[in-house]
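Novice: One structure, as structure tokens, below. Some questions next.
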Amino acid sequence: MHHVLTDVFKLDSQLVWHTDDMPSNIDAIVLPGGFSYGDRLRAGVIAAHSPIIAQVKKMAEKGMPILGVCNGFQILTESGLLPGALLRNPSLSYMCKWTEIIVKNNKTPFTNKFKLNQRIPIAIANGEGRYYADKDTLRLLQRNNQIVFTYGEDVNGATMKIAGICNKEGNVVGMMPHPERSAEQILNPGNAKPASMIFESLLNTLGVTV
Amino acid sequence: MSLTPQESEYLEKKIGRKPNPLELQIVAAEWSEHCSYKSSKKYLKTLPREGKRVVSGQGYDSGVLDVGDGYVVTVHIESHNHPSAVEPYGGAATGVGGVIRDILSAGTRPIAVLDGLRFGDIEKDTQARWLFKNAVRGIADYGNCLGIPTIGGEVEFDECFANYALVDVASVGFGRRERLIQNRADKGDRVVLIGGSTGRDGIGGSQFASDKLESENRSAVQIPDPFIEKLLIEVILEARNQGCIKAMKDLGGGGLSCAISETSDALSVGIDMDLSAVHKREGDMSPMELMVSESQERMLVITSPEKLETLKSICGKFRVPVSVIGIVTEDKMMHVRSENGMMALLPSNVVANAPLLDRPSVVPKYLATIASVKKPKGGALSKVLLRMLSNPNIASKQWVYTQYDHEVGIRTVVKPGQDAPVLRLDNGKFLSIKIDGNSKHCYLNPRQGVMGCFDEACRNVVCTGATPIGMVDHLQFGNPEDPEIFWTFKESVEGIIEYAKFFEIPCVGGKVSLYNETDKGPIKPTPLIGVLGLIEGKPLVHEAARGKDLLIIVGITKDEMGGSEYYEYIHGIVGGICPSVNLEVSRKNQRAVLEVIGEDLAKSVHDCSKGGLAVTVAEICMLSDVGATIMLEKVPSDKIQNDELMFSETHSRFLLVVDPSKAGRVLSILQSHGVVHANIGKFSGKTIAFRDRIRLIAGVRVDKAQEKWLNSLGSLVSHG
């Protein structure tokens with residue numbers, strides 16, 4: 001993720017240690033994927049109690065664009081920044097493959113360059129990636145336009161094929177698929193352009209031109 | 001768990017006294033076959049190790065190859081067979097962990113894992129299915145958690161592995177050449193143990209692995225903890241960046257006994273260690289248990305007294321346990337102390353260098369009778385082709401590799417399911433790596449069999465546009481005390497040497513695993529060859545074949561059906577003549593194909609091996625979702641039958657998918673290299689058809705083929 005932000009999209013991004021203070025001069029936060037605490041107990045649950053998360057919450061309240069990918073999404077749900085939960089895949093196995101997601105909300109800081117219903121070829125890789133929310137939550141998600149991405153096909157039994165959601169305000173987005181694996185043509189067996197628009201949307205939000 | 005009378009006598013002569021019980025255990029662990037290579041070392045010394053890219057250092061646990069621009073790749077291969085046969089999940093997982101620490105100990109970051117798996121007949125044997133399922137899960141859970149992609153490998157099923165498992169893991173590392181660990185030590189340097197605590201798991205694992213698997217010995221199996229391994233990787237790399245590591249060794253087989261004796265021997269120093277300082281999982285462990293425990297996720301680091309505090313603070317940052325267990329001395333002895341005083345005092349070079357053996361060898365009797373078999377009748381070849389595609393040895397391995405995160409780290413340019421995976425490197429070059437083994441061929445002819453594996457691994461990396469730059473081997477056999485088995489080992493080593501010398505591919509590492517026996521006897525000889533290839537330009541990323549694309553074959557097809565999937569799986573014939581490698585022809589074919597790829601003239605290039613021409617053509621069709629018509633009469637051959645043309649596993653053949661507009665140029669390149677080649681068919685329609693002039697020999701619909709090929713392995717496993 002750091003490589004894609006820094007080398008591909010030329011953003012000034014830095015890694016922040018979980019016990020350090022959040023740097024003061026930032027415009028956006030990305031919580032990348034990657035088995036925090038070895039996925040012990042439940043994916044993301046221990047990291048959700050890291051000291052830095054308190055500051056992420058403050059930034060979220062201030063409306064800062066925040067993207068959580070895979071384990072980052074799991075941390076966002078575990079920390080209460082996003083509703084619902086990510087459950088084990090029905091196969092009970094890890095699943096690493098390519099699929100398509102569909103843009104359902106193009107008003108977020110990470111999707112504003114997309115057309116509604118645009119399809120994105122993208123990589124998925126997770127063991128606990130099945131999005132679940134109860135009926136009341138789902139109703140709220142729909143009413144507030146919080147469903148950001150859905151899968152083109154039913155890959156893991158996620159409720160309403162949900163692949164990514166946002167908070168009510170729309171500034172915090174979580175998604176299971178990996179845009180950082182899909183945004184460079186050399187790594188993408190299909191077309192890398194749509195996935196790269198997730199980052200281009202962020203640039204657009206920040207008013208940066210590449 | 002002890003020494004032979006001759007070894008005891010040798011030891012007493014060397015140290016001038018009787019060893020005490022702890023000393024005896026330390027030496028027994030280190031002199032086990034697993035740690036000492038006492039049967040094999042004499043032969044391994046003859047492998048060619050020199051090459052222009054080879055970086056040889058003192059005591060690296062992995063091979064190091066220079067890939068230019070100040071970067072190196074490291075590679076190592078290991079197996080975890082005995083533990084995986086008893087406890088497949090933990091055995092396979094800790095196999096991954098161990099080989100990764102070998103990469104780390106050179107001072108490079110592990111960037112990929114490959115695994116070679118072998119089990120009994122999973123169609124009939126539910127135990128084999130259980131072993132397979134759990135070994136895959138063990139590898140997945142460990143590698144995925146570490147964030148190191150498992151990018152490829154191979155799976156083979158054969159009755160000789162019934163109630164047993166071969167789990168081989170290779171790993172690749174990448175780093176700056178100037179950051180390689182120098183491996184030196186000076187008097188007064190501190191000896192530090194970093195990582196997981198030492199517990200009662202894996203007690204005597206190396207001796208367990210150096211004997212027949214007669215009784216299940218679960219305490220000899222190690223317990224995996226991938227999270228601490230991940231932290232250990234980051235600690236070590238940060239400590240490397242801050243110059244805190246003068247020398248380093250992974251704790252693997254033989255635990256502290258092996259790490260301390262080998263480090264002090266390799267660095268020509270002594271180590272004075274105190275067992276009471278070791279951080280332990282349980283309080284009441286005896287010195288013997290501490291010295292031979294093979295608890296995982298531990299590294300031994302030698303640091304200067306000035307850097308010790310920095311090293312400790314790095315461990316603190318990652319919350320990784322660390323203990324200073326000893327100090328470097330000048331006397332070249334290993335001193336082992338505990339609360340009760342000096343427990344063992346041995347010269348390191350004696351402990352680290354077991355007396356080598358000169359085992360007798362004799363040609364196995366079975367070879368005299370197995371070469372001649374009656375040719376089977378061809379039968380309905382459409383049906384045979386479908387059965388071949390659902391054969392677990394041939395069926396798609398997507399059930400396996402979709403459980404592995406094969407893309408984390410975003411280097412994987414060519415993903416699993418193709419001939420060989422390709423990784424991008426930071427200097428703009430690309431690395432391809434493949435491991436290949438074939439117990440069926442090696443059983444019929446160990447020398448030609450292993451040369452075939454070597455050739456196949458080379459062909460696979462060539463298919464991506466890579467030039468082979470180095471190899472590793474993993475030699476797996478039964479009990480070396482049996483002269484017939486030892487002969488197959490010697491033949492295999494000689495085959496590797498012959499191929500490596502001819503192609504000038506240096507051997508940069510390897511491992512030997514002996515005593516692989518089940519209650520029904522020894523496994524078939526199963527040497528595994530891993531080949532690394534470098535791509536200076538761009539890799540060939542497969543493009544799907546489309547209607548009108550042509551199929552060009554390079555290489556001649558021969559009547560070499562012994563050990564083929566066609567003979568063994570379809571007809572139940574174990575025997576015949578297995579394919580042999582013509583080195584000159586193979587080199588010519590590889591060079592010609594590389595030139596075609598270099599000029600960007602092929603949409604895809606495929607190695608033609610397991611299952612032969614028919615299976616490779618079917619795979620191209622299934623992955624491209626298009627049919628093909630192949631004219632068997634055009635396939636260059638020694639005038640052999642149609643079933644043999646379709647399923648022979650003759651080496652050194654390639655299949656090229658070429659757009660018609662580029663065919664002229666491709667053919668002229670092949671011509672200029674003087675290689676045997678022919679345009680044998682084209683892609684179109686929805687059927688994979690093999691014709692002999694106008695007669696249809698076999699025809700299978702693409703969708704039907706896909707259904708068999710893609711699903712058969714997964715459904716076998718999920719219904720068992």
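Chain lettering (A, B, ...) mirrors the order of the structure tokens, residue numbering begins at 1 for each chain separately, and ligand numbering begins at 1 in order of display.
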What's around stretch 154-163 of chain A at 6 Å? Count only C-alpha atoms, leave out sequence neighbours fewer than 4 positions away in its own chain, and write the answer as a PyMOL selection string.
Specialist: chain A and resi 89+130-132+149-150+175-176
Novice: Could those selected residues go to a file with C-alpha atoms, as an mmCIF file, in the first residue's frame?
Specialist:
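Printed below is selection_29.cif as written:
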```
data_model
loop_
_atom_site.group_PDB
_atom_site.id
_atom_site.type_symbol
_atom_site.label_atom_id
_atom_site.label_comp_id
_atom_site.auth_asym_id
_atom_site.auth_seq_id
_atom_site.Cartn_x
_atom_site.Cartn_y
_atom_site.Cartn_z
ATOM 1 C CA ASN A 89 -15.628 -17.380 4.707
ATOM 2 C CA ARG A 130 -17.828 -12.295 4.650
ATOM 3 C CA TYR A 131 -19.616 -9.057 5.518
ATOM 4 C CA TYR A 132 -22.505 -9.456 7.905
ATOM 5 C CA PHE A 149 -19.084 -1.697 -3.359
ATOM 6 C CA THR A 150 -20.827 -4.996 -4.026
ATOM 7 C CA MET A 175 -13.455 -2.637 1.702
ATOM 8 C CA MET A 176 -12.308 -6.278 1.686
#
```
Novice: So that I can see what lies close to A:Gly84, please list as a list in words the residues with an atom at most 7 Å from it, counting only C-alpha atoms and leaving out residues fewer than 2 positions away in the same chain.
Specialist: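 Everything that qualifies: Thr77, Leu82, Tyr132 and Ala133 of chain A.
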Novice: Calculate how many Å separate atom CA of B:Lys434 from atom CA of B:Thr467, rounding to one decimal.
Specialist: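 Interatomic distance here is 12.3 Å.
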Novice: Write out as a PyMOL selection string the set of residues from stretch 52-86 of chain B that DSSP, computed on the backbone, places in strand (DSSP E or B).
Specialist: chain B and resi 54+63-68+71-79
Novice: Using N, CA and C atoms, can you export the residues from the last selection as a PDB file, in the first residue's frame?
Specialist:
```
ATOM      1  N   VAL B  54      27.171 -16.193  -8.224  1.00  0.00           N
ATOM      2  CA  VAL B  54      27.136 -16.782  -6.880  1.00  0.00           C
ATOM      3  C   VAL B  54      27.931 -15.936  -5.896  1.00  0.00           C
ATOM      4  N   GLY B  63      21.420 -19.985  -0.329  1.00  0.00           N
ATOM      5  CA  GLY B  63      22.257 -19.620  -1.470  1.00  0.00           C
ATOM      6  C   GLY B  63      22.043 -18.160  -1.811  1.00  0.00           C
ATOM      7  N   VAL B  64      23.097 -17.489  -2.252  1.00  0.00           N
ATOM      8  CA  VAL B  64      23.001 -16.067  -2.562  1.00  0.00           C
ATOM      9  C   VAL B  64      23.434 -15.845  -4.008  1.00  0.00           C
ATOM     10  N   LEU B  65      22.588 -15.174  -4.784  1.00  0.00           N
ATOM     11  CA  LEU B  65      22.890 -14.897  -6.189  1.00  0.00           C
ATOM     12  C   LEU B  65      22.774 -13.394  -6.447  1.00  0.00           C
ATOM     13  N   ASP B  66      23.766 -12.858  -7.144  1.00  0.00           N
ATOM     14  CA  ASP B  66      23.768 -11.435  -7.475  1.00  0.00           C
ATOM     15  C   ASP B  66      22.861 -11.218  -8.688  1.00  0.00           C
ATOM     16  N   VAL B  67      21.890 -10.308  -8.557  1.00  0.00           N
ATOM     17  CA  VAL B  67      21.007 -10.042  -9.697  1.00  0.00           C
ATOM     18  C   VAL B  67      21.238  -8.641 -10.263  1.00  0.00           C
ATOM     19  N   GLY B  68      22.358  -8.063  -9.907  1.00  0.00           N
ATOM     20  CA  GLY B  68      22.750  -6.782 -10.496  1.00  0.00           C
ATOM     21  C   GLY B  68      22.217  -5.589  -9.725  1.00  0.00           C
ATOM     22  N   TYR B  71      21.802  -5.639  -5.914  1.00  0.00           N
ATOM     23  CA  TYR B  71      20.814  -6.497  -5.253  1.00  0.00           C
ATOM     24  C   TYR B  71      21.205  -7.977  -5.332  1.00  0.00           C
ATOM     25  N   VAL B  72      20.738  -8.722  -4.346  1.00  0.00           N
ATOM     26  CA  VAL B  72      20.909 -10.179  -4.370  1.00  0.00           C
ATOM     27  C   VAL B  72      19.555 -10.853  -4.144  1.00  0.00           C
ATOM     28  N   VAL B  73      19.435 -12.071  -4.673  1.00  0.00           N
ATOM     29  CA  VAL B  73      18.338 -12.929  -4.228  1.00  0.00           C
ATOM     30  C   VAL B  73      18.954 -14.087  -3.455  1.00  0.00           C
ATOM     31  N   THR B  74      18.233 -14.565  -2.473  1.00  0.00           N
ATOM     32  CA  THR B  74      18.672 -15.727  -1.718  1.00  0.00           C
ATOM     33  C   THR B  74      17.621 -16.818  -1.899  1.00  0.00           C
ATOM     34  N   VAL B  75      18.066 -18.046  -1.762  1.00  0.00           N
ATOM     35  CA  VAL B  75      17.116 -19.150  -1.958  1.00  0.00           C
ATOM     36  C   VAL B  75      17.517 -20.323  -1.082  1.00  0.00           C
ATOM     37  N   HIS B  76      16.521 -21.018  -0.584  1.00  0.00           N
ATOM     38  CA  HIS B  76      16.800 -22.230   0.176  1.00  0.00           C
ATOM     39  C   HIS B  76      15.609 -23.180   0.066  1.00  0.00           C
ATOM     40  N   ILE B  77      15.886 -24.449   0.264  1.00  0.00           N
ATOM     41  CA  ILE B  77      14.810 -25.444   0.234  1.00  0.00           C
ATOM     42  C   ILE B  77      14.994 -26.401   1.405  1.00  0.00           C
ATOM     43  N   GLU B  78      13.903 -26.787   2.010  1.00  0.00           N
ATOM     44  CA  GLU B  78      13.952 -27.739   3.117  1.00  0.00           C
ATOM     45  C   GLU B  78      12.715 -28.609   3.060  1.00  0.00           C
ATOM     46  N   SER B  79      12.759 -29.699   3.811  1.00  0.00           N
ATOM     47  CA  SER B  79      11.542 -30.502   3.913  1.00  0.00           C
ATOM     48  C   SER B  79      11.170 -30.643   5.371  1.00  0.00           C
TER      49      SER B  79
END
```
Novice: Looking at only C-alpha atoms, which of A:Gly127, A:Pro194, A:Gly44, A:Gly63 is the one that sits closest to chain B?
Specialist: A:Gly127
Novice: Residues of chain B within 6 Å of chain A, using only C-alpha atoms, as a ChimeraX atom specification?
Specialist: /B:145,227,402-403,405,410,413
Novice: Quick one: of B:Tyr401, B:Phe174, B:Ile194, B:Val676, who's nearest to B:Ala140, counting only C-alpha atoms?
Specialist: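 Ranked by minimum distance to B:Ala140, first place goes to B:Tyr401.
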